[in-house]
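The next block is target-v1.txt, given as compact mmCIF, C-alpha atoms and all ligand atoms.
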```txt
# COMPACT_ATOMS: atom_id res chain seq x y z
CA MET A 18 184.16 127.71 56.52
CA LEU A 19 182.23 124.65 55.27
CA GLN A 20 185.12 122.37 54.31
CA GLY A 21 183.97 118.77 53.95
CA LYS A 22 180.31 119.52 54.76
CA ASN A 23 177.65 117.88 52.60
CA ALA A 24 174.83 120.12 51.41
CA LEU A 25 171.58 119.74 49.53
CA VAL A 26 170.07 122.89 47.98
CA THR A 27 166.57 122.65 46.51
CA GLY A 28 165.66 124.58 43.37
CA ALA A 29 169.36 125.23 42.78
CA SER A 30 169.49 125.40 38.98
CA ARG A 31 168.97 129.18 38.82
CA GLY A 32 168.37 132.42 40.74
CA ILE A 33 168.90 132.50 44.50
CA GLY A 34 169.27 128.70 44.74
CA ARG A 35 172.10 128.71 42.20
CA ALA A 36 173.85 131.52 44.12
CA ILE A 37 173.49 129.55 47.38
CA ALA A 38 174.88 126.36 45.80
CA LEU A 39 177.90 128.27 44.46
CA GLU A 40 178.48 130.12 47.75
CA LEU A 41 178.41 126.90 49.81
CA ALA A 42 180.77 125.25 47.32
CA LYS A 43 183.18 128.23 47.46
CA GLN A 44 183.37 127.65 51.21
CA GLY A 45 184.33 124.00 50.70
CA ALA A 46 180.98 122.18 50.87
CA ASN A 47 180.02 119.30 48.59
CA VAL A 48 176.73 120.29 46.98
CA ALA A 49 173.78 118.30 45.65
CA VAL A 50 171.98 120.53 43.15
CA ASN A 51 168.26 119.73 43.22
CA TYR A 52 166.14 120.66 40.23
CA ALA A 53 162.62 120.02 39.01
CA GLY A 54 162.72 121.75 35.62
CA SER A 55 165.76 122.26 33.42
CA GLU A 56 168.32 119.48 33.73
CA ALA A 57 170.73 121.45 31.51
CA LYS A 58 170.72 124.42 33.90
CA ALA A 59 171.31 122.13 36.89
CA GLN A 60 174.20 120.51 35.01
CA ALA A 61 175.65 123.98 34.32
CA VAL A 62 175.64 124.74 38.08
CA VAL A 63 177.33 121.38 38.77
CA GLU A 64 180.02 122.21 36.21
CA GLU A 65 180.54 125.71 37.69
CA ILE A 66 181.12 124.10 41.09
CA GLN A 67 183.48 121.52 39.64
CA LYS A 68 185.46 124.33 37.97
CA LEU A 69 185.86 125.89 41.42
CA GLY A 70 187.40 122.58 42.49
CA GLY A 71 184.30 121.45 44.38
CA LYS A 72 182.31 118.22 44.40
CA ALA A 73 178.72 118.41 43.11
CA PHE A 74 176.04 116.41 41.37
CA LYS A 75 172.51 117.11 40.20
CA VAL A 76 169.47 115.38 41.57
CA GLN A 77 165.93 115.62 40.21
CA ALA A 78 162.92 115.77 42.57
CA ASP A 79 159.72 117.71 43.01
CA VAL A 80 160.05 118.98 46.58
CA ALA A 81 156.32 118.51 47.18
CA ASN A 82 156.46 114.80 46.31
CA GLU A 83 157.43 112.80 49.39
CA SER A 84 158.59 109.66 47.59
CA GLU A 85 160.76 111.64 45.13
CA VAL A 86 162.24 113.59 48.06
CA LYS A 87 163.00 110.39 50.01
CA ASP A 88 164.82 108.97 46.96
CA MET A 89 166.71 112.25 46.53
CA VAL A 90 167.89 112.27 50.15
CA LYS A 91 168.97 108.60 49.88
CA LYS A 92 171.00 109.43 46.75
CA VAL A 93 172.70 112.40 48.45
CA ILE A 94 173.63 110.33 51.52
CA SER A 95 174.95 107.47 49.41
CA GLU A 96 176.95 109.86 47.15
CA PHE A 97 178.43 112.02 49.92
CA GLY A 98 178.31 109.64 52.91
CA GLY A 99 176.24 112.07 55.02
CA LEU A 100 174.14 115.21 54.94
CA ASP A 101 175.01 118.24 57.04
CA ILE A 102 173.15 121.12 55.39
CA LEU A 103 169.72 121.37 53.82
CA VAL A 104 168.66 124.62 52.14
CA ASN A 105 164.95 124.71 51.36
CA ASN A 106 165.00 127.25 48.55
CA ALA A 107 162.61 125.94 45.86
CA GLY A 108 159.61 128.18 45.38
CA ILE A 109 157.03 129.37 42.89
CA THR A 110 154.53 132.22 42.54
CA ARG A 111 151.02 132.11 41.08
CA ASP A 112 149.89 135.69 41.79
CA ASN A 113 146.28 136.78 41.64
CA LEU A 114 143.92 138.91 43.69
CA LEU A 115 142.14 136.92 46.38
CA MET A 116 138.76 137.24 44.65
CA ARG A 117 140.20 135.83 41.42
CA MET A 118 142.63 133.31 42.81
CA LYS A 119 141.78 129.78 41.71
CA GLU A 120 141.88 126.92 44.18
CA ALA A 121 144.56 125.27 42.01
CA GLU A 122 146.75 128.40 42.21
CA PHE A 123 146.45 128.39 45.98
CA ASP A 124 147.18 124.66 46.25
CA GLN A 125 150.20 124.71 43.89
CA VAL A 126 151.95 127.44 45.83
CA ILE A 127 151.20 125.93 49.25
CA ASN A 128 152.36 122.51 48.02
CA THR A 129 155.70 123.68 46.67
CA ASN A 130 156.56 126.53 49.05
CA LEU A 131 155.24 125.15 52.36
CA LYS A 132 154.61 121.42 52.06
CA GLY A 133 157.91 121.15 50.16
CA VAL A 134 159.78 122.57 53.16
CA PHE A 135 158.00 120.13 55.50
CA VAL A 136 158.67 117.12 53.27
CA CYS A 137 162.37 117.92 52.72
CA THR A 138 162.96 118.75 56.39
CA LYS A 139 161.31 115.51 57.50
CA ALA A 140 163.33 113.53 54.96
CA VAL A 141 166.73 114.74 56.26
CA THR A 142 165.88 114.66 59.95
CA ARG A 143 166.62 110.95 60.59
CA GLN A 144 170.11 111.25 59.08
CA MET A 145 170.86 114.50 60.94
CA MET A 146 169.61 112.97 64.20
CA LYS A 147 171.93 110.00 63.65
CA GLN A 148 174.82 112.39 63.05
CA ARG A 149 173.71 114.50 66.03
CA SER A 150 174.28 117.58 63.90
CA GLY A 151 172.69 119.46 61.04
CA LYS A 152 171.85 122.88 59.67
CA ILE A 153 168.59 123.58 57.92
CA VAL A 154 168.05 126.98 56.29
CA ASN A 155 164.68 127.89 54.82
CA VAL A 156 164.20 130.61 52.22
CA ALA A 157 161.06 132.49 53.30
CA SER A 158 160.23 136.06 52.22
CA ILE A 159 159.56 139.38 53.89
CA VAL A 160 156.02 139.26 52.50
CA GLY A 161 155.47 136.36 54.91
CA ILE A 162 155.81 139.03 57.61
CA SER A 163 154.28 142.08 55.95
CA GLY A 164 151.61 140.54 53.67
CA ASN A 165 151.30 141.54 50.01
CA PRO A 166 148.25 142.18 47.82
CA GLY A 167 147.89 139.65 45.01
CA GLN A 168 149.91 136.98 46.82
CA ALA A 169 147.56 135.38 49.37
CA ASN A 170 148.86 131.90 48.47
CA TYR A 171 152.54 132.90 48.51
CA VAL A 172 152.27 134.98 51.70
CA ALA A 173 150.39 132.20 53.52
CA ALA A 174 153.08 129.72 52.47
CA LYS A 175 155.99 131.97 53.49
CA ALA A 176 154.37 132.87 56.83
CA GLY A 177 153.92 129.11 57.29
CA VAL A 178 157.61 128.54 56.57
CA ILE A 179 158.53 131.02 59.32
CA GLY A 180 156.30 129.16 61.79
CA LEU A 181 157.60 125.78 60.65
CA THR A 182 161.17 127.06 61.12
CA LYS A 183 160.45 127.93 64.77
CA THR A 184 158.72 124.63 65.51
CA ALA A 185 161.39 122.50 63.84
CA ALA A 186 164.07 124.51 65.69
CA LYS A 187 162.41 123.73 69.03
CA GLU A 188 161.87 120.04 68.21
CA LEU A 189 165.37 119.41 66.89
CA ALA A 190 167.56 121.61 69.10
CA SER A 191 168.30 118.80 71.57
CA ARG A 192 169.80 116.79 68.66
CA ASN A 193 172.11 119.65 67.69
CA ILE A 194 170.09 120.41 64.56
CA PHE A 195 169.70 124.12 63.83
CA VAL A 196 166.79 125.48 61.82
CA ASN A 197 166.72 129.08 60.63
CA ALA A 198 165.25 131.09 57.79
CA VAL A 199 166.19 134.02 55.61
CA ALA A 200 163.51 136.42 54.41
CA PRO A 201 164.65 138.13 51.21
CA GLY A 202 163.08 141.40 50.09
CA PHE A 203 163.30 142.55 46.46
CA ILE A 204 166.13 140.59 44.88
CA SER A 205 167.42 141.15 41.34
CA THR A 206 166.39 138.20 39.19
CA ASP A 207 165.46 137.55 35.55
CA MET A 208 162.05 138.92 36.47
CA THR A 209 163.30 142.27 37.82
CA ASP A 210 165.55 142.73 34.75
CA ALA A 211 162.34 143.47 32.85
CA LEU A 212 161.31 146.38 35.14
CA THR A 213 161.05 149.89 33.68
CA ASP A 214 163.17 152.69 35.19
CA GLU A 215 160.00 154.09 36.77
CA GLN A 216 159.07 150.75 38.39
CA ARG A 217 162.63 150.32 39.59
CA ALA A 218 162.64 153.84 41.13
CA GLY A 219 159.34 153.03 42.89
CA MET A 220 160.93 149.93 44.42
CA HIS A 221 164.06 151.82 45.45
CA ASN A 222 161.91 154.36 47.33
CA MET A 223 160.56 151.54 49.52
CA ILE A 224 164.03 150.29 50.46
CA PRO A 225 166.08 152.29 53.00
CA LEU A 226 169.34 151.04 51.42
CA GLY A 227 167.99 152.38 48.10
CA LYS A 228 168.68 149.40 45.83
CA LEU A 229 167.51 145.89 45.03
CA GLY A 230 169.40 143.02 46.61
CA GLU A 231 171.47 140.50 44.67
CA ALA A 232 171.10 136.71 44.90
CA GLU A 233 174.61 136.65 46.42
CA ASP A 234 173.42 138.90 49.30
CA VAL A 235 170.98 136.15 50.28
CA ALA A 236 173.50 133.37 49.62
CA LYS A 237 176.07 134.86 52.01
CA VAL A 238 173.57 134.95 54.90
CA VAL A 239 172.54 131.36 54.15
CA ARG A 240 176.23 130.38 54.21
CA PHE A 241 176.61 132.06 57.62
CA LEU A 242 173.55 130.26 59.03
CA ALA A 243 174.86 126.96 57.63
CA SER A 244 178.24 127.42 59.30
CA ASP A 245 179.55 126.89 62.81
CA ASP A 246 179.66 130.69 63.20
CA ALA A 247 175.89 130.47 63.77
CA ASN A 248 176.10 127.83 66.52
CA TYR A 249 174.02 129.83 69.02
CA ILE A 250 171.28 130.82 66.58
CA THR A 251 168.17 128.75 65.94
CA GLY A 252 164.54 129.40 65.06
CA GLN A 253 165.36 132.83 63.64
CA THR A 254 164.33 134.55 60.44
CA ILE A 255 166.92 137.01 59.16
CA HIS A 256 165.60 139.74 56.86
CA VAL A 257 167.80 140.30 53.81
CA ASP A 258 165.81 143.21 52.47
CA GLY A 259 167.84 146.43 52.61
CA GLY A 260 165.84 147.48 55.68
CA MET A 261 162.47 147.38 53.91
CA VAL A 262 160.51 145.64 56.66
CA MET A 263 161.44 146.55 60.22
P1 LIG B 301 163.42 131.22 40.66
O1 LIG B 301 162.10 130.97 40.03
O2 LIG B 301 164.52 131.77 39.80
O3 LIG B 301 163.97 129.86 41.32
C1 LIG B 301 163.14 128.94 41.96
C2 LIG B 301 163.70 127.56 41.71
O4 LIG B 301 162.86 126.60 42.37
C3 LIG B 301 163.73 127.20 40.22
O5 LIG B 301 164.98 126.61 39.91
C4 LIG B 301 162.62 126.16 40.09
O6 LIG B 301 162.84 125.21 39.07
C5 LIG B 301 162.66 125.52 41.47
N1 LIG B 301 161.42 124.83 41.79
C6 LIG B 301 160.15 125.30 41.64
N2 LIG B 301 159.26 124.36 42.01
C7 LIG B 301 160.00 123.28 42.39
C8 LIG B 301 159.66 122.00 42.89
N3 LIG B 301 158.37 121.62 43.05
N4 LIG B 301 160.65 121.14 43.20
C9 LIG B 301 161.95 121.48 43.04
N5 LIG B 301 162.33 122.70 42.57
C10 LIG B 301 161.36 123.56 42.25
O7 LIG B 301 163.15 132.14 41.90
P2 LIG B 301 164.14 132.86 42.95
O8 LIG B 301 163.82 134.29 42.91
O9 LIG B 301 165.54 132.42 42.79
O10 LIG B 301 163.52 132.28 44.32
C11 LIG B 301 164.19 131.37 45.17
C12 LIG B 301 163.52 131.39 46.53
O11 LIG B 301 163.61 132.71 47.07
C13 LIG B 301 162.04 131.06 46.48
O12 LIG B 301 161.68 130.30 47.62
C14 LIG B 301 161.37 132.43 46.53
O13 LIG B 301 160.08 132.37 47.05
C15 LIG B 301 162.33 133.16 47.45
N6 LIG B 301 162.28 134.63 47.37
C16 LIG B 301 162.65 135.28 46.21
C17 LIG B 301 162.61 136.67 46.18
C18 LIG B 301 163.03 137.46 44.95
O14 LIG B 301 162.92 138.70 44.98
N7 LIG B 301 163.54 136.84 43.91
C19 LIG B 301 162.16 137.38 47.30
C20 LIG B 301 161.78 136.68 48.45
C21 LIG B 301 161.85 135.30 48.46
```
Write-out of the structure in structure tokens:
Amino acid sequence: MLQGKNALVTGASRGIGRAIALELAKQGANVAVNYAGSEAKAQAVVEEIQKLGGKAFKVQADVANESEVKDMVKKVISEFGGLDILVNNAGITRDNLLMRMKEAEFDQVINTNLKGVFVCTKAVTRQMMKQRSGKIVNVASIVGISGNPGQANYVAAKAGVIGLTKTAAKELASRNIFVNAVAPGFISTDMTDALTDEQRAGMHNMIPLGKLGEAEDVAKVVRFLASDDANYITGQTIHVDGGMVM
């Protein structure tokens, strides 16, 4: 499905980003595994891809830092010879009630989750315009649509990502560059492993499909949006949330 395509996935050393990197590689893409934290974890993802017979390398950059991102994109293009797919997945949370939220907590989340998407999108656009093709997939969140107490910073960023997705889609459509988003709901991660049975049951009650999602559920939709099967879809946000927000 993605044979020979060159992809960059941000925040790909664990969680949903790791699942996306592996899914794209399984479909034949070469994958640059961006990381900001643990180099060892990024290396482990690279090795998993190589075991699958794929081509991958790790590349360090803080997505909110424009000069680091420019260097990262240069490295990816020089390593792979082009760049067809960008997945803006990196994200953080710094939850707090509005009244207690510190300015720094607001700024950190907006910088990584919203400015990071802007900076990475801008950095790949010249190359994709030259190629006259490209797929950009942003990882938003359903809370960017519904709102969520205790997450004013995160919700504002994710709502911003949905708006940015639409604008970039309109600006870049004439160059054959597609920009879409996925909005995951509750996805099983290291964090949800720590939930009590009662907390888990409470979550299940909010989800029509009655279970948490898996990182792979998100990864498969990203793979679809990154493929030629999605060649008449742009500017959309697909909810991957078990029907929670509709
Ligand atoms: P996670 O914390 O496991 O992974 C996030 C990754 O982003 C980490 O590898 C981290 O190192 C990386 N990262 C953070 N800041 C970075 C930066 N400045 N530059 C580069 N990389 C950076 O979380 P996850 O659950 O896998 O989340 C992945 C994405 O999915 C995020 O955008 C998150 O907001 C979104 N999301 C997650 C859920 C969920 O339930 N897990 C729900 C909705 C949306």
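Each of A:Leu25, A:Met18, A:Ala73, A:Ala81 was compared to ligand LIG 301 (chain B) using only C-alpha atoms and all ligand atoms, and A:Ala81 turns out to be the nearest.
Among A:Val76, A:Glu85, A:Ile127, A:Arg192, the residue with the shortest atom-to-atom distance to Ala57 of chain A, counting only C-alpha atoms, is A:Val76.
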Contacts of chain A with ligand LIG 301 (chain B) up to 6 Å, shortest pair per row, all atoms listed in the file, as a Markdown table:
```
| residue | atom | partner | partner_atom | distance |
| --- | --- | --- | --- | --- |
| A:Thr27 | CA | B:LIG301 | N5 | 5.8 |
| A:Gly28 | CA | B:LIG301 | O4 | 3.6 |
| A:Ala29 | CA | B:LIG301 | O5 | 5.4 |
| A:Ser30 | CA | B:LIG301 | O5 | 4.8 |
| A:Arg31 | CA | B:LIG301 | O5 | 4.9 |
| A:Gly32 | CA | B:LIG301 | O9 | 3.5 |
| A:Ile33 | CA | B:LIG301 | O9 | 3.8 |
| A:Gly34 | CA | B:LIG301 | O9 | 5.6 |
| A:Tyr52 | CA | B:LIG301 | N5 | 4.9 |
| A:Ala53 | CA | B:LIG301 | C9 | 4.3 |
| A:Gly54 | CA | B:LIG301 | O6 | 4.9 |
| A:Ala78 | CA | B:LIG301 | C9 | 5.8 |
| A:Asp79 | CA | B:LIG301 | N4 | 3.6 |
| A:Val80 | CA | B:LIG301 | N4 | 4.1 |
| A:Ala81 | CA | B:LIG301 | N3 | 5.6 |
| A:Asn106 | CA | B:LIG301 | O12 | 4.6 |
| A:Ala107 | CA | B:LIG301 | O4 | 3.6 |
| A:Gly108 | CA | B:LIG301 | O12 | 3.7 |
| A:Ile109 | CA | B:LIG301 | C6 | 5.3 |
| A:Thr129 | CA | B:LIG301 | N3 | 4.9 |
| A:Val156 | CA | B:LIG301 | O12 | 5.3 |
| A:Ala157 | CA | B:LIG301 | C21 | 5.7 |
| A:Ser158 | CA | B:LIG301 | C20 | 4.1 |
| A:Pro201 | CA | B:LIG301 | C20 | 4.2 |
| A:Gly202 | CA | B:LIG301 | C19 | 5.0 |
| A:Phe203 | CA | B:LIG301 | O14 | 4.1 |
| A:Ile204 | CA | B:LIG301 | O14 | 3.7 |
| A:Thr206 | CA | B:LIG301 | N7 | 5.7 |
```
Ile250 of chain A environment, 8 Å, all atoms listed in the file, sequence neighbours closer than 4 positions dropped, as an MDAnalysis selection string: chainID A and resid 195 197 242
Nearest to Lys228 of chain A, restricted to only C-alpha atoms and choosing among A:Ala49, A:Ala24, A:Met261, A:Leu103, comes out as A:Met261
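Shell of Met116 of chain A at 12 Å, with all atoms listed in the file counted and residues fewer than 2 places along the chain excluded, is A:Asp112, A:Asn113, A:Leu114, A:Met118, A:Lys119, A:Glu120, A:Phe123, A:Pro166, A:Gly167, A:Gln168, A:Ala169.
Between atom CA of Ala36 of chain A and atom CA of Val235 of chain A the interatomic distance comes to 8.2 Å.
Closest approach to Lys132 of chain A from the set A:Ile153, A:Val160, A:Ala173, A:Ile94 is made by A:Ala173, with distances taken over only C-alpha atoms.
Rounded to one decimal, atom CA of Asp210 of chain A and atom CA of Val134 of chain A lie 27.9 Å from each other.
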Nearest to Glu231 of chain A, chosen from A:Leu189, A:Asp101, A:Gly259, A:Phe74, with only C-alpha atoms counted in the distances: A:Gly259
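Interatomic distance, atom CA of Ser163 of chain A to atom CA of Ala218 of chain A: 20.7 Å.
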Find the spatial neighbours of Ser244 of chain A, counting only C-alpha atoms, within a cut-off of 12 Å - ignore same-chain residues fewer than 6 positions away - and output them as a PyMOL selection string. chain A and resi 18-24+40-41+44-46+101-103+150-154+194-197+237-238+250
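Among A:Ile162, A:Leu229, A:Met223, A:Ala174, the residue with the shortest atom-to-atom distance to Ala200 of chain A, counting all atoms listed in the file, is A:Ile162.
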Can you pull out the residues contacting Lys139 of chain A? Cut-off 10 Å, using all atoms listed in the file, and skip same-chain residues under 4 positions away; I want them as number ranges by chain. A: 83, 86-87, 133-135, 143-144, 185
